[in-house]
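Colleague: There's a structure below that I have some questions on.
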Amino acid sequence: MMRPALLGLVILAGCSQTARDDVTRSAARSVVTRVVVERFPGVPVQPAIDCIIDNASGPELLGLASDSMLGPTAATTESVIRIASRPDTVRCLSTRGIAPFLG
């Protein structure tokens, strides 16, 4: 019997690049949501997640998506914090009404 994660990879292999990107971003979003809620209580969740996902690199998104199955782990949290600390992410956060939480 094929494991669900392996089945998902097989299905993704047959998808278009756009579909794969959407699935990766969605999986990454699920684990980023858990980190933001846990580590940054009171922060408006949706804008924070959008800024973090939009400023993650392709390899980071893949790593976060992988972590969505078993995580979040300590490495997931470190990755999210690293992405959230980047100047472009901070700018994004500040334009989305999260500036009071950045201090």
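To be explicit about the labels: the chains of the structure tokens are called A, B, and onward in the order shown, and within each one the residues are counted from 1, while ligands get numbers from 1 in the order they are shown.
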Excluding Gln46 of chain A and residues on its chain fewer than 3 positions from it, collect all residues at most 12 Å away from it, counting only C-alpha atoms, and give them as a list in words.
Modeller: Arg29, Ser30, Val32, Thr33, Arg34, Val36, Val37, Gly42, Val43, Ile49, Asp50, Cys51, Ile52, Ile53, Leu93, Arg96, Gly97 and Ile98 of chain A
Colleague: Name all residues at most 7 Å from segment 64-76 of chain A (count only C-alpha atoms; drop same-chain ones fewer than 6 positions away) and give them as a list of chain:residue names.
Modeller: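 My list of contacting residues is A:Thr24, A:Ala27, A:Ala28, A:Ser30, A:Val31, A:Val35.
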Colleague: What is the distance between atom CA of Val23 of chain A and atom CA of Ser94 of chain A, in Å to one decimal?
Modeller: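 Interatomic distance, atom CA of Val23 of chain A to atom CA of Ser94 of chain A: 27.4 Å.
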Colleague: Show which residues sit within 12 Å of Ser57 of chain A, as a VMD selection string. Count only C-alpha atoms, and ignore same-chain residues fewer than 6 positions away.
Modeller: chain A and resid 21 24 to 25 28 63 to 64 79 to 80 82 to 83 86 89
Colleague: Restricting it to N, CA, C and O atoms, dump the selection as an mmCIF file, in the first residue's frame.
Modeller:
data_model
loop_
_atom_site.group_PDB
_atom_site.id
_atom_site.type_symbol
_atom_site.label_atom_id
_atom_site.label_comp_id
_atom_site.auth_asym_id
_atom_site.auth_seq_id
_atom_site.Cartn_x
_atom_site.Cartn_y
_atom_site.Cartn_z
ATOM 1 N N ASP A 21 3.205 24.573 -7.471
ATOM 2 C CA ASP A 21 3.491 25.763 -6.661
ATOM 3 C C ASP A 21 2.350 26.058 -5.695
ATOM 4 O O ASP A 21 2.585 26.385 -4.522
ATOM 5 N N THR A 24 2.444 23.500 -2.908
ATOM 6 C CA THR A 24 3.580 23.773 -2.022
ATOM 7 C C THR A 24 3.286 24.960 -1.126
ATOM 8 O O THR A 24 3.501 24.909 0.091
ATOM 9 N N ARG A 25 2.775 26.036 -1.708
ATOM 10 C CA ARG A 25 2.467 27.232 -0.919
ATOM 11 C C ARG A 25 1.373 26.952 0.112
ATOM 12 O O ARG A 25 1.434 27.422 1.243
ATOM 13 N N ALA A 28 2.953 24.914 2.921
ATOM 14 C CA ALA A 28 3.824 25.798 3.698
ATOM 15 C C ALA A 28 2.978 26.737 4.556
ATOM 16 O O ALA A 28 3.284 26.972 5.731
ATOM 17 N N GLY A 63 10.839 23.394 2.016
ATOM 18 C CA GLY A 63 11.160 22.926 3.360
ATOM 19 C C GLY A 63 9.990 23.094 4.310
ATOM 20 O O GLY A 63 9.669 22.189 5.086
ATOM 21 N N LEU A 64 9.328 24.243 4.228
ATOM 22 C CA LEU A 64 8.171 24.480 5.075
ATOM 23 C C LEU A 64 7.037 23.524 4.716
ATOM 24 O O LEU A 64 6.367 22.984 5.605
ATOM 25 N N SER A 79 13.153 28.855 10.672
ATOM 26 C CA SER A 79 12.994 29.291 9.284
ATOM 27 C C SER A 79 11.961 30.411 9.182
ATOM 28 O O SER A 79 12.195 31.425 8.510
ATOM 29 N N VAL A 80 10.838 30.252 9.847
ATOM 30 C CA VAL A 80 9.791 31.277 9.812
ATOM 31 C C VAL A 80 10.309 32.584 10.417
ATOM 32 O O VAL A 80 10.102 33.660 9.850
ATOM 33 N N ARG A 82 13.433 33.573 10.628
ATOM 34 C CA ARG A 82 14.441 34.120 9.716
ATOM 35 C C ARG A 82 13.770 34.863 8.557
ATOM 36 O O ARG A 82 14.151 35.980 8.205
ATOM 37 N N ILE A 83 12.739 34.256 7.973
ATOM 38 C CA ILE A 83 12.024 34.890 6.857
ATOM 39 C C ILE A 83 11.318 36.158 7.349
ATOM 40 O O ILE A 83 11.360 37.204 6.688
ATOM 41 N N ARG A 86 13.540 39.386 7.650
ATOM 42 C CA ARG A 86 14.151 40.013 6.466
ATOM 43 C C ARG A 86 13.557 41.398 6.223
ATOM 44 O O ARG A 86 12.356 41.614 6.448
ATOM 45 N N THR A 89 10.322 41.431 4.242
ATOM 46 C CA THR A 89 9.191 40.903 5.015
ATOM 47 C C THR A 89 8.744 41.932 6.045
ATOM 48 O O THR A 89 7.540 42.152 6.224
#
